[in-house]
file protein.csv (CSV, C-alpha atoms)
chain,number,residue,atom,x,y,z
U,1,MET,CA,39.4,21.6,32.8
U,2,LEU,CA,40.4,18.2,31.3
U,3,ALA,CA,43.0,18.1,28.6
U,4,HIS,CA,40.6,17.1,25.8
U,5,GLN,CA,38.4,20.1,26.5
U,6,LYS,CA,41.1,22.6,25.9
U,7,THR,CA,41.3,24.6,22.7
U,8,PRO,CA,44.7,25.5,21.2
U,9,GLU,CA,44.2,29.1,22.5
U,10,ILE,CA,43.7,27.8,26.1
U,11,VAL,CA,46.7,25.5,25.8
U,12,ALA,CA,48.8,28.5,24.6
U,13,ALA,CA,47.5,30.7,27.5
U,14,GLU,CA,48.3,28.1,30.0
U,15,GLN,CA,51.9,27.8,28.7
U,16,ARG,CA,52.3,31.6,29.1
U,17,THR,CA,50.8,31.5,32.5
U,18,ARG,CA,52.9,28.7,33.8
U,19,ALA,CA,56.1,30.3,32.4
U,20,ALA,CA,55.2,33.6,34.2
U,21,VAL,CA,54.7,31.7,37.5
U,22,ASP,CA,57.9,29.7,37.2
U,23,ALA,CA,59.9,32.9,36.4
U,24,TYR,CA,58.2,34.7,39.4
U,25,LEU,CA,59.3,31.9,41.8
U,26,ASP,CA,62.8,31.9,40.3
U,27,ALA,CA,63.2,35.6,40.6
U,28,TRP,CA,62.3,35.5,44.3
U,29,LYS,CA,64.6,32.5,44.9
U,30,ARG,CA,67.5,34.3,43.3
U,31,GLY,CA,66.6,37.6,45.1
U,32,ASP,CA,66.6,39.3,41.6
U,33,LYS,CA,64.5,42.4,41.8
U,34,GLN,CA,64.9,43.5,38.2
U,35,ALA,CA,64.0,40.0,36.9
U,36,LEU,CA,60.9,40.1,39.1
U,37,LEU,CA,59.8,43.6,37.9
U,38,ALA,CA,60.3,42.6,34.3
U,39,LEU,CA,57.6,40.0,34.7
U,40,TYR,CA,54.8,42.5,35.4
U,41,ALA,CA,52.9,44.6,32.9
U,42,GLU,CA,53.6,48.3,33.2
U,43,ASP,CA,50.3,49.0,34.9
U,44,ALA,CA,50.1,45.8,37.0
U,45,GLU,CA,48.4,45.6,40.3
U,46,TRP,CA,49.9,43.9,43.3
U,47,THR,CA,48.0,43.3,46.5
U,48,ASP,CA,49.7,41.9,49.6
U,49,PRO,CA,47.8,40.8,51.6
U,50,VAL,CA,44.4,40.8,50.1
U,51,GLY,CA,42.2,43.3,52.0
U,52,THR,CA,44.8,46.0,51.9
U,53,PRO,CA,44.9,48.6,49.0
U,54,PRO,CA,46.6,47.4,45.8
U,55,MET,CA,50.0,48.8,44.7
U,56,ARG,CA,49.9,49.9,41.0
U,57,GLY,CA,52.7,49.9,38.5
U,58,ARG,CA,56.3,48.6,38.5
U,59,ALA,CA,57.7,51.4,40.6
U,60,ALA,CA,55.3,50.7,43.5
U,61,ILE,CA,56.0,47.0,43.2
U,62,GLY,CA,59.7,47.8,43.3
U,63,GLU,CA,59.2,49.8,46.5
U,64,PHE,CA,57.4,46.9,48.1
U,65,TRP,CA,60.3,44.6,47.2
U,66,ASP,CA,62.8,47.1,48.8
U,67,LYS,CA,60.7,47.3,51.9
U,68,SER,CA,60.4,43.5,52.2
U,69,HIS,CA,64.2,43.1,51.9
U,70,GLY,CA,65.1,46.0,54.3
U,71,GLY,CA,67.8,45.4,57.0
U,72,GLY,CA,69.3,42.4,55.2
U,73,THR,CA,66.0,40.3,55.3
U,74,ARG,CA,66.1,37.3,53.0
U,75,MET,CA,62.9,36.0,51.5
U,76,THR,CA,63.1,32.4,50.1
U,77,PRO,CA,60.0,30.8,48.7
U,78,GLN,CA,59.5,27.0,49.0
U,79,LEU,CA,57.1,25.8,46.4
U,80,GLU,CA,54.2,23.6,47.4
U,81,ARG,CA,52.0,23.6,44.3
U,82,VAL,CA,51.0,25.4,41.1
U,83,ILE,CA,47.5,25.3,39.6
U,84,VAL,CA,47.1,26.7,36.1
U,85,CYS,CA,43.6,27.6,34.7
U,86,GLY,CA,43.8,29.4,31.4
U,87,ASP,CA,45.3,32.9,32.0
U,88,GLU,CA,45.0,32.6,35.8
U,89,ALA,CA,47.1,30.6,38.3
U,90,ILE,CA,47.4,29.8,41.9
U,91,LEU,CA,50.8,29.5,43.5
U,92,LEU,CA,51.0,27.9,46.9
U,93,PHE,CA,54.3,28.3,48.8
U,94,THR,CA,55.9,28.9,52.1
U,95,MET,CA,58.0,32.1,52.2
U,96,GLN,CA,61.0,31.6,54.5
U,97,VAL,CA,61.6,35.1,55.9
U,98,ARG,CA,64.9,35.4,57.6
U,99,GLY,CA,66.5,38.4,59.3
U,100,ALA,CA,70.2,39.2,59.2
U,101,LYS,CA,70.8,37.1,62.3
U,102,GLY,CA,69.0,34.0,60.9
U,103,GLY,CA,65.6,34.0,62.8
U,104,GLY,CA,62.3,35.1,61.4
U,105,MET,CA,59.2,33.2,60.2
U,106,ASP,CA,57.8,30.8,57.7
U,107,LEU,CA,54.7,32.2,56.1
U,108,PHE,CA,52.2,30.1,54.0
U,109,VAL,CA,51.0,32.1,51.0
U,110,CYS,CA,48.4,31.5,48.3
U,111,ASP,CA,49.2,33.9,45.3
U,112,HIS,CA,46.6,34.4,42.6
U,113,PHE,CA,47.9,35.6,39.3
U,114,GLN,CA,46.3,36.9,36.1
U,115,VAL,CA,48.5,37.0,33.1
U,116,ASP,CA,48.0,39.1,29.9
U,117,ALA,CA,48.2,38.0,26.2
U,118,GLU,CA,52.0,38.8,26.3
U,119,GLY,CA,52.5,36.6,29.3
U,120,ARG,CA,53.1,39.4,31.7
U,121,ILE,CA,51.5,39.5,35.1
U,122,ARG,CA,48.7,42.0,35.2
U,123,SER,CA,47.4,41.2,38.6
U,124,ALA,CA,49.0,39.4,41.6
U,125,ARG,CA,47.1,39.0,44.9
U,126,ALA,CA,48.6,37.4,48.0
U,127,PHE,CA,46.4,35.6,50.4
U,128,TRP,CA,47.8,35.0,53.8
U,129,ASP,CA,46.7,35.3,57.4
U,130,THR,CA,48.1,34.9,60.9
U,131,SER,CA,47.2,31.1,60.9
U,132,GLY,CA,49.9,30.7,58.3
U,133,ILE,CA,52.8,32.2,60.4
U,134,THR,CA,55.3,29.9,62.1
U,135,PRO,CA,57.9,31.8,64.1
U,136,VAL,CA,61.5,30.6,63.5
U,137,PRO,CA,63.9,31.4,66.4
U,138,VAL,CA,67.4,32.7,65.7
M,1,MET,CA,47.2,41.6,57.6
M,2,LEU,CA,48.4,41.4,61.2
M,3,ALA,CA,45.8,41.5,64.0
M,4,HIS,CA,46.7,45.0,65.3
M,5,GLN,CA,46.2,46.5,61.8
M,6,LYS,CA,42.5,45.3,61.6
M,7,THR,CA,39.6,47.7,62.1
M,8,PRO,CA,36.4,46.4,63.8
M,9,GLU,CA,34.8,46.4,60.4
M,10,ILE,CA,37.5,44.1,59.0
M,11,VAL,CA,37.3,41.8,62.1
M,12,ALA,CA,33.5,41.5,61.6
M,13,ALA,CA,33.9,40.9,57.8
M,14,GLU,CA,36.4,38.1,58.6
M,15,GLN,CA,34.0,36.5,61.0
M,16,ARG,CA,31.3,36.4,58.4
M,17,THR,CA,33.7,35.1,55.8
M,18,ARG,CA,35.0,32.3,58.0
M,19,ALA,CA,31.4,31.3,59.0
M,20,ALA,CA,30.4,31.1,55.3
M,21,VAL,CA,33.5,28.9,54.4
M,22,ASP,CA,32.9,26.6,57.4
M,23,ALA,CA,29.2,26.2,56.5
M,24,TYR,CA,30.2,25.5,52.9
M,25,LEU,CA,32.6,22.8,53.8
M,26,ASP,CA,30.0,21.3,56.2
M,27,ALA,CA,27.2,21.3,53.6
M,28,TRP,CA,29.5,19.3,51.2
M,29,LYS,CA,30.5,16.9,53.9
M,30,ARG,CA,26.9,16.2,54.8
M,31,GLY,CA,25.8,16.1,51.1
M,32,ASP,CA,23.2,18.7,51.9
M,33,LYS,CA,22.3,20.5,48.7
M,34,GLN,CA,19.7,22.9,50.3
M,35,ALA,CA,22.1,23.9,53.0
M,36,LEU,CA,24.7,24.6,50.3
M,37,LEU,CA,22.4,26.7,48.1
M,38,ALA,CA,21.2,28.8,51.1
M,39,LEU,CA,24.8,30.0,51.6
M,40,TYR,CA,24.8,31.8,48.2
M,41,ALA,CA,23.5,35.2,47.4
M,42,GLU,CA,20.6,34.9,44.9
M,43,ASP,CA,22.7,36.2,42.0
M,44,ALA,CA,25.9,34.5,43.0
M,45,GLU,CA,28.5,33.3,40.5
M,46,TRP,CA,30.1,29.9,40.6
M,47,THR,CA,33.0,29.0,38.3
M,48,ASP,CA,34.3,25.4,38.3
M,49,PRO,CA,37.0,25.2,37.0
M,50,VAL,CA,38.3,28.7,36.5
M,51,GLY,CA,38.6,29.2,32.7
M,52,THR,CA,35.1,27.9,32.0
M,53,PRO,CA,32.0,30.2,31.9
M,54,PRO,CA,30.5,31.0,35.3
M,55,MET,CA,27.2,29.6,36.4
M,56,ARG,CA,24.9,32.4,37.7
M,57,GLY,CA,22.2,32.1,40.4
M,58,ARG,CA,21.2,29.4,42.9
M,59,ALA,CA,19.2,27.4,40.2
M,60,ALA,CA,22.3,27.0,38.1
M,61,ILE,CA,24.4,26.1,41.1
M,62,GLY,CA,21.8,23.5,42.1
M,63,GLU,CA,22.0,21.9,38.6
M,64,PHE,CA,25.8,21.8,39.0
M,65,TRP,CA,25.3,20.0,42.4
M,66,ASP,CA,22.9,17.5,40.8
M,67,LYS,CA,25.3,16.8,37.9
M,68,SER,CA,28.2,16.3,40.3
M,69,HIS,CA,26.3,13.8,42.4
M,70,GLY,CA,24.8,11.9,39.4
M,71,GLY,CA,24.8,8.1,39.4
M,72,GLY,CA,25.4,7.8,43.1
M,73,THR,CA,28.6,9.7,43.1
M,74,ARG,CA,29.8,10.9,46.6
M,75,MET,CA,31.8,14.0,47.0
M,76,THR,CA,33.6,14.4,50.3
M,77,PRO,CA,36.0,17.3,51.0
M,78,GLN,CA,39.0,16.8,53.2
M,79,LEU,CA,40.1,20.2,54.6
M,80,GLU,CA,43.7,21.3,54.1
M,81,ARG,CA,43.7,25.0,55.0
M,82,VAL,CA,41.5,28.1,55.1
M,83,ILE,CA,43.0,31.6,54.6
M,84,VAL,CA,40.7,34.6,55.4
M,85,CYS,CA,41.4,38.1,54.2
M,86,GLY,CA,38.6,40.5,54.9
M,87,ASP,CA,35.5,39.5,52.8
M,88,GLU,CA,37.6,37.0,50.7
M,89,ALA,CA,38.8,33.6,51.5
M,90,ILE,CA,40.9,30.7,50.1
M,91,LEU,CA,39.8,27.2,50.9
M,92,LEU,CA,42.3,24.4,50.1
M,93,PHE,CA,40.9,20.9,50.2
M,94,THR,CA,41.0,17.5,48.6
M,95,MET,CA,37.7,16.4,47.1
M,96,GLN,CA,37.3,12.7,47.5
M,97,VAL,CA,35.1,11.8,44.4
M,98,ARG,CA,33.8,8.2,44.7
M,99,GLY,CA,31.4,6.4,42.4
M,100,ALA,CA,28.8,3.9,43.5
M,101,LYS,CA,31.3,1.1,43.4
M,102,GLY,CA,33.8,2.9,45.5
M,103,GLY,CA,36.6,4.0,43.1
M,104,GLY,CA,37.1,7.4,41.7
M,105,MET,CA,39.7,10.1,42.3
M,106,ASP,CA,41.1,12.6,44.8
M,107,LEU,CA,41.1,16.1,43.4
M,108,PHE,CA,43.1,18.9,45.0
M,109,VAL,CA,41.1,22.2,44.8
M,110,CYS,CA,41.7,25.8,45.7
M,111,ASP,CA,38.4,27.7,46.1
M,112,HIS,CA,38.4,31.5,46.1
M,113,PHE,CA,35.3,33.0,47.8
M,114,GLN,CA,34.0,36.5,48.0
M,115,VAL,CA,31.3,37.1,50.7
M,116,ASP,CA,28.8,40.0,50.8
M,117,ALA,CA,27.8,42.2,53.8
M,118,GLU,CA,25.1,39.6,54.8
M,119,GLY,CA,27.7,36.8,54.9
M,120,ARG,CA,26.4,35.2,51.7
M,121,ILE,CA,28.8,33.9,49.0
M,122,ARG,CA,28.6,36.2,46.0
M,123,SER,CA,31.4,34.6,44.1
M,124,ALA,CA,33.0,31.2,44.3
M,125,ARG,CA,35.8,30.1,41.9
M,126,ALA,CA,37.4,26.7,41.9
M,127,PHE,CA,41.0,26.4,40.7
M,128,TRP,CA,42.1,22.8,39.8
M,129,ASP,CA,44.0,21.2,37.0
M,130,THR,CA,45.0,17.7,36.0
M,131,SER,CA,48.1,17.9,38.2
M,132,GLY,CA,45.8,17.7,41.2
M,133,ILE,CA,44.1,14.4,40.2
M,134,THR,CA,45.0,11.2,41.9
M,135,PRO,CA,43.0,8.2,40.5
M,136,VAL,CA,41.6,5.9,43.2
M,137,PRO,CA,40.9,2.3,42.0
M,138,VAL,CA,37.8,0.4,43.0
call {"tool": "encode", "arguments": {"input": "protein.csv", "output": "structure tokens"}}
result
Amino acid sequence: MLAHQKTPEIVAAEQRTRAAVDAYLDAWKRGDKQALLALYAEDAEWTDPVGTPPMRGRAAIGEFWDKSHGGGTRMTPQLERVIVCGDEAILLFTMQVRGAKGGGMDLFVCDHFQVDAEGRIRSARAFWDTSGITPVPV
Amino acid sequence: MLAHQKTPEIVAAEQRTRAAVDAYLDAWKRGDKQALLALYAEDAEWTDPVGTPPMRGRAAIGEFWDKSHGGGTRMTPQLERVIVCGDEAILLFTMQVRGAKGGGMDLFVCDHFQVDAEGRIRSARAFWDTSGITPVPV
């Protein structure tokens, strides 16, 4: 939508949405699980990847985080682009997944977010497939 | 989802989804309105951009096409990436929008598709914002 077509309500929603996405990316970059979980609504849904059953609630999202970071794995997102449309956003990034010994993979991800009126993430859905995987040797 | 985790049903759904996205891109490239409309389910929803009310049904989608191509405007998508997840897909592309005199803009778009069991598009939602606009002088 072009700027002159936006109501004050849409502008405010987009500020909340952008803030949530920025904070999400920052929490991943800092490896801060508690900061990440605080961004979600209590009953939020997280799907990763799309096509698998959603996880529901902060506790389940926290378990997903722990699993992703098991065995000393580091997950560092490299931002490519953010698109904000009202209370929804697209985040395009490459997740640098690195094991304790340094190797791993780069994974291109398209996240789709829906943010509630309090600026909390109520739905996050991660789109990725094997075409977005680049192995990184140790 | 990794290949070894996919059931035959998921593999079949992904083939249908990918075929629909490929045909969608091809119809835009050839400027073929009828081919494009034939890809949608009769009661499909099309939202462009996300945050505005959806158009419902092939007739409304056809009107959108006519409006987009008014005054000799050409719309040529340049593919960046496709991500397929079951019966959903993400299509990343730059739409080259050119007026009759040659100038216009490049617009980065993230389309989200949902495809039905017959391989027809039942929902298409276009995410773009002003950050994705690059003016192109005549």
call {"tool": "calpha_fit_and_write", "arguments": {"input": "protein.csv", "fixed": "chain U", "moving": "chain M", "output": "compact mmCIF listing (two decimals) with C-alpha atoms, in the frame of the given file"}}
result
# COMPACT_ATOMS: atom_id res chain seq x y z
CA MET M 1 39.37 21.60 32.79
CA LEU M 2 40.38 18.22 31.37
CA ALA M 3 42.98 18.12 28.58
CA HIS M 4 40.57 17.07 25.78
CA GLN M 5 38.29 20.06 26.53
CA LYS M 6 41.13 22.65 25.89
CA THR M 7 41.29 24.67 22.68
CA PRO M 8 44.74 25.57 21.23
CA GLU M 9 44.18 29.06 22.50
CA ILE M 10 43.68 27.81 26.07
CA VAL M 11 46.75 25.48 25.80
CA ALA M 12 48.88 28.46 24.66
CA ALA M 13 47.45 30.74 27.43
CA GLU M 14 48.35 28.03 30.00
CA GLN M 15 51.87 27.83 28.70
CA ARG M 16 52.34 31.53 29.10
CA THR M 17 50.78 31.47 32.53
CA ARG M 18 52.97 28.63 33.78
CA ALA M 19 56.14 30.34 32.35
CA ALA M 20 55.25 33.59 34.18
CA VAL M 21 54.66 31.72 37.57
CA ASP M 22 57.91 29.74 37.18
CA ALA M 23 59.89 32.92 36.39
CA TYR M 24 58.27 34.62 39.37
CA LEU M 25 59.21 31.93 41.77
CA ASP M 26 62.77 31.88 40.31
CA ALA M 27 63.23 35.67 40.60
CA TRP M 28 62.31 35.44 44.36
CA LYS M 29 64.60 32.52 44.91
CA ARG M 30 67.51 34.34 43.33
CA GLY M 31 66.60 37.67 45.05
CA ASP M 32 66.58 39.31 41.67
CA LYS M 33 64.44 42.42 41.87
CA GLN M 34 64.91 43.47 38.16
CA ALA M 35 64.01 40.04 36.94
CA LEU M 36 60.89 40.18 39.13
CA LEU M 37 59.76 43.63 37.94
CA ALA M 38 60.25 42.67 34.24
CA LEU M 39 57.59 39.96 34.66
CA TYR M 40 54.85 42.57 35.37
CA ALA M 41 52.85 44.52 32.90
CA GLU M 42 53.62 48.26 33.30
CA ASP M 43 50.27 48.97 34.96
CA ALA M 44 50.09 45.79 36.95
CA GLU M 45 48.39 45.53 40.34
CA TRP M 46 49.93 43.86 43.34
CA THR M 47 47.94 43.29 46.54
CA ASP M 48 49.74 41.88 49.60
CA PRO M 49 47.80 40.85 51.65
CA VAL M 50 44.39 40.77 50.06
CA GLY M 51 42.23 43.27 52.03
CA THR M 52 44.82 46.04 51.83
CA PRO M 53 44.90 48.61 48.95
CA PRO M 54 46.65 47.42 45.79
CA MET M 55 49.97 48.78 44.71
CA ARG M 56 49.85 49.89 41.03
CA GLY M 57 52.75 49.87 38.52
CA ARG M 58 56.29 48.46 38.53
CA ALA M 59 57.67 51.47 40.62
CA ALA M 60 55.30 50.69 43.44
CA ILE M 61 56.04 47.00 43.24
CA GLY M 62 59.77 47.78 43.36
CA GLU M 63 59.27 49.85 46.57
CA PHE M 64 57.37 46.88 48.04
CA TRP M 65 60.39 44.62 47.13
CA ASP M 66 62.82 47.08 48.75
CA LYS M 67 60.71 47.30 51.94
CA SER M 68 60.46 43.52 52.16
CA HIS M 69 64.20 43.05 51.87
CA GLY M 70 65.09 45.93 54.27
CA GLY M 71 67.77 45.41 56.92
CA GLY M 72 69.23 42.37 55.26
CA THR M 73 66.09 40.38 55.31
CA ARG M 74 66.07 37.26 52.98
CA MET M 75 62.93 36.00 51.46
CA THR M 76 63.06 32.49 50.06
CA PRO M 77 59.96 30.72 48.67
CA GLN M 78 59.57 27.00 49.04
CA LEU M 79 57.16 25.73 46.35
CA GLU M 80 54.14 23.69 47.42
CA ARG M 81 51.92 23.58 44.33
CA VAL M 82 51.02 25.49 41.16
CA ILE M 83 47.49 25.26 39.66
CA VAL M 84 47.02 26.74 36.12
CA CYS M 85 43.64 27.57 34.68
CA GLY M 86 43.83 29.39 31.40
CA ASP M 87 45.38 32.90 31.97
CA GLU M 88 45.05 32.53 35.82
CA ALA M 89 47.11 30.66 38.24
CA ILE M 90 47.37 29.75 41.97
CA LEU M 91 50.80 29.48 43.47
CA LEU M 92 51.02 27.89 46.96
CA PHE M 93 54.32 28.32 48.73
CA THR M 94 55.97 28.89 52.06
CA MET M 95 57.96 32.11 52.27
CA GLN M 96 60.97 31.60 54.44
CA VAL M 97 61.50 35.18 55.90
CA ARG M 98 64.90 35.39 57.67
CA GLY M 99 66.53 38.43 59.22
CA ALA M 100 70.24 39.15 59.20
CA LYS M 101 70.76 37.07 62.29
CA GLY M 102 68.98 34.10 60.90
CA GLY M 103 65.60 33.95 62.72
CA GLY M 104 62.31 35.04 61.38
CA MET M 105 59.20 33.17 60.27
CA ASP M 106 57.73 30.79 57.70
CA LEU M 107 54.66 32.25 56.07
CA PHE M 108 52.25 30.11 54.06
CA VAL M 109 50.96 32.12 51.02
CA CYS M 110 48.48 31.57 48.25
CA ASP M 111 49.17 33.88 45.28
CA HIS M 112 46.49 34.41 42.64
CA PHE M 113 47.92 35.62 39.28
CA GLN M 114 46.27 36.88 36.17
CA VAL M 115 48.53 36.99 33.04
CA ASP M 116 47.94 39.08 29.89
CA ALA M 117 48.25 38.00 26.20
CA GLU M 118 52.03 38.85 26.27
CA GLY M 119 52.58 36.56 29.28
CA ARG M 120 53.06 39.48 31.68
CA ILE M 121 51.46 39.49 35.17
CA ARG M 122 48.66 42.03 35.21
CA SER M 123 47.39 41.16 38.62
CA ALA M 124 48.97 39.42 41.56
CA ARG M 125 47.14 38.97 44.91
CA ALA M 126 48.63 37.37 47.96
CA PHE M 127 46.30 35.62 50.41
CA TRP M 128 47.82 34.97 53.91
CA ASP M 129 46.68 35.36 57.45
CA THR M 130 48.15 34.87 60.89
CA SER M 131 47.21 31.18 60.82
CA GLY M 132 49.94 30.68 58.24
CA ILE M 133 52.79 32.12 60.38
CA THR M 134 55.27 29.86 62.02
CA PRO M 135 57.91 31.83 64.05
CA VAL M 136 61.48 30.62 63.50
CA PRO M 137 63.90 31.45 66.39
CA VAL M 138 67.41 32.67 65.80
call {"tool": "closest_residue", "arguments": {"input": "protein.csv", "among": "M:Ala20, M:Ala27, M:Met105, M:Val82", "to": "chain U", "atoms": "all atoms listed in the file"}}
result
M:Val82
call {"tool": "residues_near_point", "arguments": {"input": "protein.csv", "point": "(27.1, 11.4, 43.6)", "cutoff": "12 Å", "atoms": "all atoms listed in the file", "output": "list of chain:residue names"}}
result
M:Trp28, M:Gly31, M:Asp32, M:Lys33, M:Phe64, M:Trp65, M:Asp66, M:Lys67, M:Ser68, M:His69, M:Gly70, M:Gly71, M:Gly72, M:Thr73, M:Arg74, M:Met75, M:Thr76, M:Gln96, M:Val97, M:Arg98, M:Gly99, M:Ala100, M:Lys101, M:Gly102, M:Gly104
call {"tool": "closest_residue", "arguments": {"input": "protein.csv", "among": "U:Leu92, U:Arg81, U:Ile10, U:Arg56", "to": "Ala126 in chain U", "atoms": "all atoms listed in the file"}}
result
U:Leu92
call {"tool": "residues_around", "arguments": {"input": "protein.csv", "residues": "Gly86 in chain M", "least_positions_apart": "4", "cutoff": "6 Å", "atoms": "all atoms listed in the file", "output": "VMD selection string"}}
result
(chain U and resid 51) or (chain M and resid 10 13 to 14)
